[in-house]
Amino acid sequence: MADRIYRVNMSDLTSTIEDVPEAWAGHGGRGLTSTIVAAEVEPTCHPLGKHNKIVFAPGLLAGTYAANSGRLNVGAKSPLTGGIKESNAGGTAAQFFARLGIKALIVEGKPEKDVLYCINVKKDGVDISEVPELKGKGNFDTINAIMAKQGENTAVISIGPAGEMKMAAANISVKDPEGHIRSAGRGGLGAVMGSKNVKCIAIEADDSSEVQIHDPEAFKAAAKVFAKGLIDHPVSGQGLRTYGTAVVLNIMNEAGGLPTRNFSAGQFEGAEKISGEHMFDVIEERGGKTSHACHKGCVIQCSQHYHDKDKKFLTSGFEYETIWAMGADCEVDNLDQIAEADHLMDDIGIDSIEFPVAVGVAMEGGLLPWGDGPGILKLLKEDVAKGTPLGRLLGSGAAVVGKAYGITRVPVVKNQAMPAYDPRAVKGIGITYATSPMGADHTAGYATATNIMNVGGSIDPLKKEGQVELSRNLQAATAAIDSAGLCLFVAFPALDIPECFGAIVDMLNARFGLSLTGDDVGALGLSILKTERGFNLAAGMTNKDDRLPEFMAEEQLPPHNVLWDFTGEEIDAFWDF
Amino acid sequence: MQVAVKLFAHFRNNRFKKEVRTIAPGVTVGAIVTELSIAEEEVGVVLINGRHGSLDQALAEGDILSLFPLVGGG
Ligand code: SF4
C-alpha cells in the first residue's frame, strides 16, 4: 500500500485520506512538514487562527529497522517566532504513523464549539471524539487516560495546560514506550494544537503491517553499517549512553561558553553539581537507569530514569539543555530541584528551554533571587499550571518577559530563547542562531561539535574564520537528517565516519529504489532551508531578523572577555547559495 | 612549577576529578596524559585555561589543563 496523506479539518470535524502529490513524494519528516506549511499556510496568517495548519510527519526511514529512525517531526507557523517552525521528538508516534502508511497528518481549521477533541488515527481512517473530561489535565494524566481506554500500546501525542492556554512556549508531548514523555519543544507548537482544540492524537498500533522496502537485502546491509558506526563512535557509543546529553555541561563550562546568570558569564560555579558525571553518580546510587531509549531501535540511548531521594522515579529524558537553563542560566545548583521542574514542565507541556530562560530574564528584573530553585518550582505549580497572569507572562517566552521587565539583556533570536551555548564564545553556533529559519536553535546546525568538541574537524570557537560555511554545511545536513527522521545524535558518527554517512544515503536508496548520492542529500537539505526562509520572508521577516541581540556585541563575556563581532553582511553571506 | 589537571567523563574512573601537580618546565600535555595511563588516541579535547590546546603543547606555571574523551550531545 502506498503511503497516504491524512487530513483532518477541525472546522467541520471531517477527515480525508489523500494520495501523495508528486511534489511531496521525495520528502519526509522536516522536509515534508516545511514543504506542506509553505505550500498551504498563508505566511501572514495568525498562528493561532483557523488559517494555520499543523503537520505531523514521520521521517523517510521511520518504521524500518534503521537505528534511531523514530523521530516525529511537527511543523506549523510558530506563535513564538511568527515564522515557520519544525520541532521533533522521539517516542512511539512516528513509527506507528509509518506502519499505518501515513506520510503526514495535516490538522487544519478551527472548531466552533468550545470543547476539546481527541483525533483517533486508525488503520481504516480517522475519527474525532470529544474529550471534555481531559480539560486542564496534565500530559501524564492525558496519556494514562488514553492508554486506559485504547490500550497501553497506543501512541499518544498531547498537550498540557500550557497548550490549552495557548502559551507561546507550549510544547507537544509524545509518549515513549513506557508512558513517559518526549517533547517537540520549541516554538510554541503546543499552542497551535491548542488553538484547534486538539488535546491529543491517539494512534493505533498496527503490528500486522510493515513499511515497504524496495531492496530489503541492500537495506539490511546498510542498516548494519549504520548501527555499527553509532556504536563504534565514542560520542554516541560511549559518552551519551553513559552520561546522557549532560555530558556536555562540564566541557562548555571549562571552555567558558556555558551561559550563566542570564547570559552574563560563561562559567558557572555550581557546574560540577549539575554535570552529567554527577547525574550518573546520583542515578547509580538511587537505582535509576543511566541509559534508556526514547523509542524502539535507538542504540545510542541518551535518555535515563532519574530517581528522587526516596529512590522513586522522578523524570526521564533529563536533558542538558533543561539542566543548563534552570541550572547555570538561573544559577540553580541543585539537580533534584531541576529534575522536579523537568517533570513538571513535561506535565504542564512547556518548553524546558524557553521557560527557564524566560525565568532567567525575569530574575534579572527582580522576580526571584538567582538560584531560587524552590521559587521556580512554585512558579510552575501555582502560576504556569494554573494560568495566572504571571504564569501566562512567563509562558509567553523570554522576549515578552524581557519587554515586561524592561530588560536589555534578552537572549533571543526571532523571539526564540537561545539554548545552552553562548555565541560570543562559540561563534559557529551564533551563526546558526542568527540564520536558522527556526530562530535561536542549537539543533539546527550544531556547530558546537566542531567548535568545541573536535567532531567533524575543528574550528577555533573564538574566531570568525570558517564559521559561516560550517554552519551552512551543518544546517543543510541537519535538515536532511531531520527529513530521514533520524535522531540528530547520529550526526556525531556520521560527521567522523564516512561509511556511516554513506549508509544513510544507502538506506534511503534501498528503501525507495532511488540512486541518490551524498551530494543529492546535501542539496535536499539546502533546498529545505530555502523553502523555510522563503516562508519567513513572505511572513514579513527580513535579513535584519538574522541578528543576535545588541548586548552580545557590547557586553564582554567572561572568562575569555569576548564579544559577538560578526557584521550583518558577514551573516547575510550565509544565504549565498 | 605547578599546574592543575582536571579530568572529565570516564577519564575520572580510578583517577581523580582535579589534582594539582608539580611538573618540570617544558613538560607537555602528552607527557601528562601518558603519566595518567590515558591512551593518546582516547583524548578528544584538550583545554588549557579554557582554550583549545594540543598534546605537544608545553604547560606553563599555573595553567589549568582540562582533558576530555570525545564527548558531545545537547
Ligand atoms: S539518542 Fe536519545 S534522543 Fe536520540 S533516539 Fe536515542 S534516546 Fe532518543
# chains A, B, ... in the order shown; residues from 1 in each chain; ligands from 1
>>> residues_near_ligand(ligand="ligand 1", cutoff="6 Å", atoms="only C-alpha atoms and all ligand atoms", output="PyMOL selection string")
chain A and resi 68+90+293-294+298+300-303+487+489
>>> interface_residues(of="chain A", to="chain B", cutoff="9 Å", atoms="only C-alpha atoms", output="PyMOL selection string")
chain A and resi 233-236+238-240+242-251+253-256+276-277+302+319-321+420+442-443+446+448-449+452-455+460-462+489+492+559-560
>>> atom_distance(atom1="atom CA of Asn334 of chain A", atom2="atom CA of Met167 of chain A")
27.3 Å
>>> residues_around(residues="segment 35-41 of chain B", least_positions_apart="3", cutoff="10 Å", atoms="only C-alpha atoms", output="number ranges by chain")
B: 11, 15, 29-32, 44, 55, 69-70
>>> select_by_dssp(residues="segment 328-572 of chain A", states="alpha helix (DSSP H)", output="JSON, numbers by chain")
{"A": [335, 336, 337, 338, 339, 340, 341, 342, 343, 344, 345, 346, 347, 348, 354, 355, 356, 357, 358, 359, 360, 361, 362, 363, 364, 373, 374, 375, 376, 377, 378, 389, 390, 391, 392, 393, 394, 398, 399, 400, 401, 402, 403, 404, 405, 427, 428, 429, 430, 431, 432, 433, 434, 435, 448, 449, 450, 451, 467, 468, 469, 470, 471, 472, 473, 474, 475, 476, 477, 478, 479, 480, 481, 482, 483, 484, 491, 492, 493, 494, 495, 496, 498, 499, 500, 501, 502, 503, 504, 505, 506, 507, 508, 509, 510, 511, 512, 518, 519, 520, 521, 522, 523, 524, 525, 526, 527, 528, 529, 530, 531, 532, 533, 534, 535, 536, 537, 538, 551, 552, 553, 554, 568, 569, 570, 571, 572]}
>>> atom_distance(atom1="atom CA of Val74 of chain A", atom2="atom CA of Leu189 of chain A")
7.8 Å
>>> closest_residue(among="A:Gln475, A:Asn451, A:Ser483, A:Ser34", to="Leu508 of chain A", atoms="only C-alpha atoms")
A:Ser483
>>> residues_around(residues="Lys122 of chain A", least_positions_apart="4", cutoff="7 Å", atoms="only C-alpha atoms", output="NGL selection string")
:A and (126 or 203-204)
>>> residues_around(residues="segment 498-506 of chain A", least_positions_apart="2", cutoff="6 Å", atoms="only C-alpha atoms", output="NGL selection string")
:A and (222 or 226 or 229 or 494 or 508-509)
>>> write_last_selection(atoms="all heavy atoms", output="PDB file, in the first residue's frame")
ATOM      1  N   ALA A 222      23.064  -1.916   4.681  1.00  0.00           N
ATOM      2  CA  ALA A 222      23.354  -0.521   5.027  1.00  0.00           C
ATOM      3  C   ALA A 222      22.990  -0.241   6.484  1.00  0.00           C
ATOM      4  O   ALA A 222      23.729   0.457   7.191  1.00  0.00           O
ATOM      5  CB  ALA A 222      22.587   0.420   4.090  1.00  0.00           C
ATOM      6  N   PHE A 226      25.419   1.262   9.414  1.00  0.00           N
ATOM      7  CA  PHE A 226      24.974   2.468  10.123  1.00  0.00           C
ATOM      8  C   PHE A 226      25.001   2.235  11.640  1.00  0.00           C
ATOM      9  O   PHE A 226      25.608   3.002  12.393  1.00  0.00           O
ATOM     10  CB  PHE A 226      23.565   2.828   9.653  1.00  0.00           C
ATOM     11  CG  PHE A 226      22.988   4.052  10.301  1.00  0.00           C
ATOM     12  CD1 PHE A 226      23.605   5.283  10.170  1.00  0.00           C
ATOM     13  CD2 PHE A 226      21.801   3.970  11.035  1.00  0.00           C
ATOM     14  CE1 PHE A 226      23.067   6.421  10.766  1.00  0.00           C
ATOM     15  CE2 PHE A 226      21.258   5.098  11.624  1.00  0.00           C
ATOM     16  CZ  PHE A 226      21.890   6.324  11.499  1.00  0.00           C
ATOM     17  N   GLY A 229      28.447   2.114  13.088  1.00  0.00           N
ATOM     18  CA  GLY A 229      29.030   3.452  13.219  1.00  0.00           C
ATOM     19  C   GLY A 229      28.573   4.120  14.511  1.00  0.00           C
ATOM     20  O   GLY A 229      29.367   4.716  15.238  1.00  0.00           O
ATOM     21  N   ALA A 494      28.273  10.238  11.967  1.00  0.00           N
ATOM     22  CA  ALA A 494      28.194  10.471  10.517  1.00  0.00           C
ATOM     23  C   ALA A 494      29.188  11.535  10.058  1.00  0.00           C
ATOM     24  O   ALA A 494      29.674  11.497   8.933  1.00  0.00           O
ATOM     25  CB  ALA A 494      26.774  10.862  10.114  1.00  0.00           C
ATOM     26  N   LEU A 508      18.323   5.178   2.354  1.00  0.00           N
ATOM     27  CA  LEU A 508      17.274   5.912   1.626  1.00  0.00           C
ATOM     28  C   LEU A 508      17.071   5.306   0.236  1.00  0.00           C
ATOM     29  O   LEU A 508      15.944   5.082  -0.209  1.00  0.00           O
ATOM     30  CB  LEU A 508      17.638   7.399   1.502  1.00  0.00           C
ATOM     31  CG  LEU A 508      17.551   8.222   2.789  1.00  0.00           C
ATOM     32  CD1 LEU A 508      18.199   9.590   2.596  1.00  0.00           C
ATOM     33  CD2 LEU A 508      16.100   8.393   3.235  1.00  0.00           C
ATOM     34  N   ASN A 509      18.185   5.007  -0.429  1.00  0.00           N
ATOM     35  CA  ASN A 509      18.093   4.420  -1.767  1.00  0.00           C
ATOM     36  C   ASN A 509      17.421   3.053  -1.733  1.00  0.00           C
ATOM     37  O   ASN A 509      16.566   2.750  -2.563  1.00  0.00           O
ATOM     38  CB  ASN A 509      19.488   4.315  -2.384  1.00  0.00           C
ATOM     39  CG  ASN A 509      20.009   5.678  -2.821  1.00  0.00           C
ATOM     40  OD1 ASN A 509      19.223   6.587  -3.100  1.00  0.00           O
ATOM     41  ND2 ASN A 509      21.322   5.825  -2.869  1.00  0.00           N
TER      42      ASN A 509
END
>>> residues_around(residues="Ala444 of chain A", least_positions_apart="6", cutoff="7 Å", atoms="only C-alpha atoms", output="ChimeraX atom specification")
/A:432,436,475,478
>>> write_last_selection(atoms="C-alpha atoms", output="PDB file, in the first residue's frame")
ATOM      1  CA  THR A 432      23.257  29.074  13.429  1.00  0.00           C
ATOM      2  CA  SER A 436      18.262  29.371  11.205  1.00  0.00           C
ATOM      3  CA  GLN A 475      22.255  23.215   8.753  1.00  0.00           C
ATOM      4  CA  THR A 478      20.620  18.585   9.731  1.00  0.00           C
TER       5      THR A 478
END
>>> atom_distance(atom1="atom CA of Val282 of chain A", atom2="atom CA of His305 of chain A")
10.8 Å
>>> residues_around(residues="Ile157 of chain A", least_positions_apart="3", cutoff="9 Å", atoms="only C-alpha atoms", output="MDAnalysis selection string")
chainID A and resid 93 143 172:175 199:203
>>> select_by_dssp(residues="chain B", states="strand (DSSP E)", output="ChimeraX atom specification")
/B:2-7,18-22,43-48,51-52,64-69
>>> write_last_selection(atoms="N, CA and C atoms", output="PDB file, in the first residue's frame")
ATOM      1  N   GLN B   2      53.835  24.446  39.231  1.00  0.00           N
ATOM      2  CA  GLN B   2      52.584  23.745  39.493  1.00  0.00           C
ATOM      3  C   GLN B   2      51.535  24.008  38.421  1.00  0.00           C
ATOM      4  N   VAL B   3      50.807  22.950  38.085  1.00  0.00           N
ATOM      5  CA  VAL B   3      49.655  23.090  37.175  1.00  0.00           C
ATOM      6  C   VAL B   3      48.493  22.301  37.773  1.00  0.00           C
ATOM      7  N   ALA B   4      47.276  22.683  37.386  1.00  0.00           N
ATOM      8  CA  ALA B   4      46.108  21.915  37.822  1.00  0.00           C
ATOM      9  C   ALA B   4      45.638  21.050  36.656  1.00  0.00           C
ATOM     10  N   VAL B   5      45.351  19.797  36.957  1.00  0.00           N
ATOM     11  CA  VAL B   5      44.855  18.894  35.922  1.00  0.00           C
ATOM     12  C   VAL B   5      43.426  18.498  36.281  1.00  0.00           C
ATOM     13  N   LYS B   6      42.509  18.680  35.355  1.00  0.00           N
ATOM     14  CA  LYS B   6      41.108  18.295  35.582  1.00  0.00           C
ATOM     15  C   LYS B   6      40.715  17.229  34.571  1.00  0.00           C
ATOM     16  N   LEU B   7      40.053  16.200  35.071  1.00  0.00           N
ATOM     17  CA  LEU B   7      39.628  15.106  34.190  1.00  0.00           C
ATOM     18  C   LEU B   7      38.101  15.047  34.135  1.00  0.00           C
ATOM     19  N   LYS B  18      40.173  16.468  40.010  1.00  0.00           N
ATOM     20  CA  LYS B  18      41.097  17.594  39.878  1.00  0.00           C
ATOM     21  C   LYS B  18      42.298  17.340  40.780  1.00  0.00           C
ATOM     22  N   GLU B  19      43.478  17.645  40.276  1.00  0.00           N
ATOM     23  CA  GLU B  19      44.678  17.429  41.075  1.00  0.00           C
ATOM     24  C   GLU B  19      45.689  18.517  40.711  1.00  0.00           C
ATOM     25  N   VAL B  20      46.360  19.051  41.719  1.00  0.00           N
ATOM     26  CA  VAL B  20      47.447  19.994  41.431  1.00  0.00           C
ATOM     27  C   VAL B  20      48.728  19.181  41.355  1.00  0.00           C
ATOM     28  N   ARG B  21      49.457  19.324  40.257  1.00  0.00           N
ATOM     29  CA  ARG B  21      50.669  18.511  40.067  1.00  0.00           C
ATOM     30  C   ARG B  21      51.886  19.422  39.904  1.00  0.00           C
ATOM     31  N   THR B  22      52.999  18.933  40.406  1.00  0.00           N
ATOM     32  CA  THR B  22      54.251  19.657  40.229  1.00  0.00           C
ATOM     33  C   THR B  22      54.985  19.038  39.046  1.00  0.00           C
ATOM     34  N   VAL B  43      42.128  10.766  23.829  1.00  0.00           N
ATOM     35  CA  VAL B  43      41.913  12.161  24.208  1.00  0.00           C
ATOM     36  C   VAL B  43      41.163  12.880  23.084  1.00  0.00           C
ATOM     37  N   GLY B  44      39.991  13.392  23.407  1.00  0.00           N
ATOM     38  CA  GLY B  44      39.177  14.057  22.390  1.00  0.00           C
ATOM     39  C   GLY B  44      39.424  15.552  22.373  1.00  0.00           C
ATOM     40  N   VAL B  45      39.486  16.145  23.559  1.00  0.00           N
ATOM     41  CA  VAL B  45      39.643  17.591  23.646  1.00  0.00           C
ATOM     42  C   VAL B  45      40.626  17.939  24.767  1.00  0.00           C
ATOM     43  N   VAL B  46      41.559  18.814  24.429  1.00  0.00           N
ATOM     44  CA  VAL B  46      42.500  19.356  25.403  1.00  0.00           C
ATOM     45  C   VAL B  46      42.181  20.834  25.558  1.00  0.00           C
ATOM     46  N   LEU B  47      41.889  21.265  26.774  1.00  0.00           N
ATOM     47  CA  LEU B  47      41.725  22.699  27.005  1.00  0.00           C
ATOM     48  C   LEU B  47      42.801  23.162  27.981  1.00  0.00           C
ATOM     49  N   ILE B  48      43.477  24.247  27.627  1.00  0.00           N
ATOM     50  CA  ILE B  48      44.431  24.857  28.540  1.00  0.00           C
ATOM     51  C   ILE B  48      43.901  26.242  28.866  1.00  0.00           C
ATOM     52  N   ARG B  51      41.076  27.266  26.638  1.00  0.00           N
ATOM     53  CA  ARG B  51      41.270  27.383  25.188  1.00  0.00           C
ATOM     54  C   ARG B  51      41.798  26.074  24.638  1.00  0.00           C
ATOM     55  N   HIS B  52      41.440  25.781  23.402  1.00  0.00           N
ATOM     56  CA  HIS B  52      41.839  24.511  22.820  1.00  0.00           C
ATOM     57  C   HIS B  52      43.351  24.427  22.665  1.00  0.00           C
ATOM     58  N   ILE B  64      45.742  25.660  33.884  1.00  0.00           N
ATOM     59  CA  ILE B  64      44.712  24.664  34.191  1.00  0.00           C
ATOM     60  C   ILE B  64      44.512  23.825  32.943  1.00  0.00           C
ATOM     61  N   LEU B  65      44.783  22.539  33.071  1.00  0.00           N
ATOM     62  CA  LEU B  65      44.651  21.623  31.939  1.00  0.00           C
ATOM     63  C   LEU B  65      43.392  20.778  32.127  1.00  0.00           C
ATOM     64  N   SER B  66      42.477  20.823  31.153  1.00  0.00           N
ATOM     65  CA  SER B  66      41.260  20.008  31.222  1.00  0.00           C
ATOM     66  C   SER B  66      41.297  18.978  30.102  1.00  0.00           C
ATOM     67  N   LEU B  67      41.114  17.718  30.474  1.00  0.00           N
ATOM     68  CA  LEU B  67      41.194  16.638  29.485  1.00  0.00           C
ATOM     69  C   LEU B  67      39.862  15.916  29.362  1.00  0.00           C
ATOM     70  N   PHE B  68      39.408  15.756  28.130  1.00  0.00           N
ATOM     71  CA  PHE B  68      38.122  15.099  27.853  1.00  0.00           C
ATOM     72  C   PHE B  68      38.309  13.990  26.827  1.00  0.00           C
ATOM     73  N   PRO B  69      37.583  12.895  26.985  1.00  0.00           N
ATOM     74  CA  PRO B  69      37.453  11.994  25.829  1.00  0.00           C
ATOM     75  C   PRO B  69      36.552  12.693  24.823  1.00  0.00           C
TER      76      PRO B  69
END
